[in-house]
Amino acid sequence: MITTEQNIDHRLISILEQVSDPEIPVLSIMDMGVVRSANFVDGIVKVEITPTYSGCPAMDIIGDDIKIALKESGYESEIDLILYPAWTTDWITPRGRKALEDYGIAAPLDPEADKNVLLNGKRIVKCTNCGSQNTRLVSQFGSTACKAQFQCDDCQEPFDYFKCLK
Ligand SMILES: [Zn+2]
C-alpha cells in the first residue's frame, strides 16, 4: 500500500468535505482521498489534488468546485495537480467505501481479488442490493472507465463495481 501524508489545515477540512466527487455525488473529494494538501500561503489557500483515474475527466470540475467552495468561505485559492505518487483506490476512506456501497457501487477489492473478478470471472463481488456474492461480470466498463458492470444472479440487479487501481 502506498501511503502519503495528507497535510490539510484544520480550518479547511469541513469546507473541502462539502465538495463532492462530480461522478459520484454522495462521495466527498476528501473521502475519495483526492486532496493531498491544503494550506494558507501568503493569505491564499494552496490546494494540491491528485487525479484519480486518468480516464476520468473530472479533475477540472473538482478544481473549480474547490475554488468555489473556498470562495464562499472567503478564501482565494490556487489548485495544483500532483501526479506522483499516483492515486490508488487505497486512498478512499472507510466512510467513502461505505458511501459507495450505499450508492450502489461495490467498493474496490484488494488487487488479487480484483484480478480474479475481472479476469478469471470469480464470483466474489458482493451485490450492493442484496449482499449476495452470486454476481457476474457483465462488462469490463460500466458507466465510466473506472467501473465495471456487474449483475446479481440472485436478485437480478445490475450494479457497478469500482475497479481497484494501484
Ligand atoms: Zn443481489
# chains A, B, ... in the order shown; residues from 1 in each chain; ligands from 1
>>> select_by_dssp(residues="range 68-151 of chain A", states="helix (DSSP H, G or I)", output="PyMOL selection string")
chain A and resi 68-72+89-91+94-103+111-120
>>> residues_near_ligand(ligand="ligand 1", cutoff="7 Å", atoms="only C-alpha atoms and all ligand atoms", output="ChimeraX atom specification")
/A:127-132,152-157
>>> write_last_selection(atoms="N, CA and C atoms", output="PDB file, in the first residue's frame")
ATOM      1  N   CYS A 127     -23.152  -8.133  -4.160  1.00  0.00           N
ATOM      2  CA  CYS A 127     -24.226  -7.325  -4.736  1.00  0.00           C
ATOM      3  C   CYS A 127     -24.555  -6.176  -3.779  1.00  0.00           C
ATOM      4  N   THR A 128     -24.633  -4.957  -4.326  1.00  0.00           N
ATOM      5  CA  THR A 128     -24.913  -3.812  -3.458  1.00  0.00           C
ATOM      6  C   THR A 128     -26.384  -3.771  -3.049  1.00  0.00           C
ATOM      7  N   ASN A 129     -27.209  -4.548  -3.745  1.00  0.00           N
ATOM      8  CA  ASN A 129     -28.639  -4.554  -3.432  1.00  0.00           C
ATOM      9  C   ASN A 129     -28.991  -5.591  -2.368  1.00  0.00           C
ATOM     10  N   CYS A 130     -28.509  -6.842  -2.537  1.00  0.00           N
ATOM     11  CA  CYS A 130     -28.924  -7.910  -1.608  1.00  0.00           C
ATOM     12  C   CYS A 130     -27.757  -8.550  -0.863  1.00  0.00           C
ATOM     13  N   GLY A 131     -26.534  -8.198  -1.206  1.00  0.00           N
ATOM     14  CA  GLY A 131     -25.386  -8.735  -0.470  1.00  0.00           C
ATOM     15  C   GLY A 131     -24.909 -10.089  -0.949  1.00  0.00           C
ATOM     16  N   SER A 132     -25.586 -10.668  -1.927  1.00  0.00           N
ATOM     17  CA  SER A 132     -25.185 -11.972  -2.445  1.00  0.00           C
ATOM     18  C   SER A 132     -23.857 -11.877  -3.198  1.00  0.00           C
ATOM     19  N   CYS A 152     -26.282  -9.226 -10.477  1.00  0.00           N
ATOM     20  CA  CYS A 152     -26.501 -10.201  -9.423  1.00  0.00           C
ATOM     21  C   CYS A 152     -27.430 -11.290  -9.963  1.00  0.00           C
ATOM     22  N   ASP A 153     -27.024 -12.554  -9.784  1.00  0.00           N
ATOM     23  CA  ASP A 153     -27.852 -13.648 -10.281  1.00  0.00           C
ATOM     24  C   ASP A 153     -28.920 -14.076  -9.276  1.00  0.00           C
ATOM     25  N   ASP A 154     -28.906 -13.484  -8.073  1.00  0.00           N
ATOM     26  CA  ASP A 154     -29.959 -13.772  -7.111  1.00  0.00           C
ATOM     27  C   ASP A 154     -31.108 -12.782  -7.213  1.00  0.00           C
ATOM     28  N   CYS A 155     -30.787 -11.501  -7.109  1.00  0.00           N
ATOM     29  CA  CYS A 155     -31.875 -10.515  -7.181  1.00  0.00           C
ATOM     30  C   CYS A 155     -31.979  -9.866  -8.561  1.00  0.00           C
ATOM     31  N   GLN A 156     -31.052 -10.217  -9.449  1.00  0.00           N
ATOM     32  CA  GLN A 156     -31.066  -9.739 -10.848  1.00  0.00           C
ATOM     33  C   GLN A 156     -30.716  -8.262 -11.013  1.00  0.00           C
ATOM     34  N   GLU A 157     -30.333  -7.613  -9.925  1.00  0.00           N
ATOM     35  CA  GLU A 157     -29.992  -6.187 -10.042  1.00  0.00           C
ATOM     36  C   GLU A 157     -28.641  -5.997 -10.728  1.00  0.00           C
TER      37      GLU A 157
END
>>> residues_around(residues="Thr88 in chain A", least_positions_apart="2", cutoff="7 Å", atoms="only C-alpha atoms", output="list in words")
Ala86, Asp90, Trp91, Leu165 and Lys166 of chain A
>>> residues_around(residues="Gln133 in chain A", least_positions_apart="2", cutoff="6 Å", atoms="only C-alpha atoms", output="PyMOL selection string")
chain A and resi 123-126+135
>>> write_last_selection(atoms="all heavy atoms", output="compact mmCIF listing (two decimals), in the first residue's frame")
# COMPACT_ATOMS: atom_id res chain seq x y z
N ARG A 123 -16.72 -15.24 -8.59
CA ARG A 123 -17.91 -14.58 -8.03
C ARG A 123 -17.65 -14.20 -6.58
O ARG A 123 -17.96 -14.95 -5.66
CB ARG A 123 -19.11 -15.52 -8.15
CG ARG A 123 -19.46 -15.80 -9.61
CD ARG A 123 -20.67 -16.69 -9.76
NE ARG A 123 -20.99 -16.85 -11.17
CZ ARG A 123 -22.19 -16.56 -11.69
NH1 ARG A 123 -23.17 -16.16 -10.93
NH2 ARG A 123 -22.41 -16.70 -12.98
N ILE A 124 -17.04 -13.04 -6.39
CA ILE A 124 -16.78 -12.60 -5.02
C ILE A 124 -17.21 -11.15 -4.75
O ILE A 124 -17.20 -10.71 -3.61
CB ILE A 124 -15.27 -12.75 -4.63
CG1 ILE A 124 -14.38 -12.32 -5.79
CG2 ILE A 124 -14.96 -14.16 -4.17
CD1 ILE A 124 -12.90 -12.43 -5.47
N VAL A 125 -17.60 -10.44 -5.81
CA VAL A 125 -18.08 -9.07 -5.57
C VAL A 125 -19.49 -9.15 -4.98
O VAL A 125 -20.36 -9.81 -5.53
CB VAL A 125 -18.12 -8.26 -6.88
CG1 VAL A 125 -18.72 -6.88 -6.64
CG2 VAL A 125 -16.72 -8.11 -7.46
N LYS A 126 -19.67 -8.50 -3.86
CA LYS A 126 -20.99 -8.53 -3.21
C LYS A 126 -21.97 -7.60 -3.91
O LYS A 126 -21.67 -6.45 -4.18
CB LYS A 126 -20.85 -8.07 -1.75
CG LYS A 126 -20.60 -9.21 -0.80
CD LYS A 126 -20.89 -8.77 0.62
CE LYS A 126 -20.31 -9.77 1.60
NZ LYS A 126 -19.77 -9.13 2.81
N THR A 135 -22.63 -13.09 -8.15
CA THR A 135 -22.64 -11.98 -9.11
C THR A 135 -21.69 -12.26 -10.24
O THR A 135 -20.71 -12.97 -10.07
CB THR A 135 -22.21 -10.66 -8.43
OG1 THR A 135 -20.87 -10.82 -7.94
CG2 THR A 135 -23.12 -10.30 -7.27
>>> residues_around(residues="Leu27 in chain A", least_positions_apart="4", cutoff="9 Å", atoms="only C-alpha atoms", output="PyMOL selection string")
chain A and resi 19-23+31-32+95-97+99-100
>>> closest_residue(among="A:Val117, A:Asn39, A:Ile29, A:Ile24", to="Arg11 in chain A", atoms="only C-alpha atoms")
A:Asn39
>>> closest_residue(among="A:Leu70, A:Val34, A:Leu16, A:Ala106", to="Thr93 in chain A", atoms="only C-alpha atoms")
A:Val34
>>> residues_around(residues="Ile13 in chain A", least_positions_apart="5", cutoff="9 Å", atoms="only C-alpha atoms", output="PyMOL selection string")
chain A and resi 8+18+30+38
>>> write_last_selection(atoms="N, CA and C atoms", output="compact mmCIF listing (two decimals), in the first residue's frame")
# COMPACT_ATOMS: atom_id res chain seq x y z
N ILE A 8 -3.46 18.93 5.60
CA ILE A 8 -4.59 19.82 5.37
C ILE A 8 -4.86 20.68 6.60
N GLN A 18 -17.31 19.40 1.87
CA GLN A 18 -18.58 19.72 1.20
C GLN A 18 -18.48 19.60 -0.31
N MET A 30 -12.77 14.55 -0.17
CA MET A 30 -11.95 14.13 0.96
C MET A 30 -12.04 12.62 1.14
N ALA A 38 -3.77 21.22 1.72
CA ALA A 38 -4.47 22.49 1.61
C ALA A 38 -3.98 23.36 2.76
>>> residues_around(residues="Ile68 in chain A", least_positions_apart="4", cutoff="12 Å", atoms="only C-alpha atoms", output="list in words")
Ile15, Leu16, Gln18, Val19, Ile61, Ile62, Gly63, Asp64, Glu72, Ser73, Gly74, Tyr75, Glu76, Ser77, Glu78 and Ile79 of chain A
>>> select_by_dssp(residues="range 23-117 of chain A", states="strand (DSSP E or B)", output="list in words")
Ser28, Val35, Arg36, Ser37, Ala38, Asn39, Phe40, Val41, Ile44, Val45, Lys46, Val47, Glu48, Ile49, Ser77, Glu78, Ile79, Asp80, Leu81, Ile105 and Ala106 of chain A
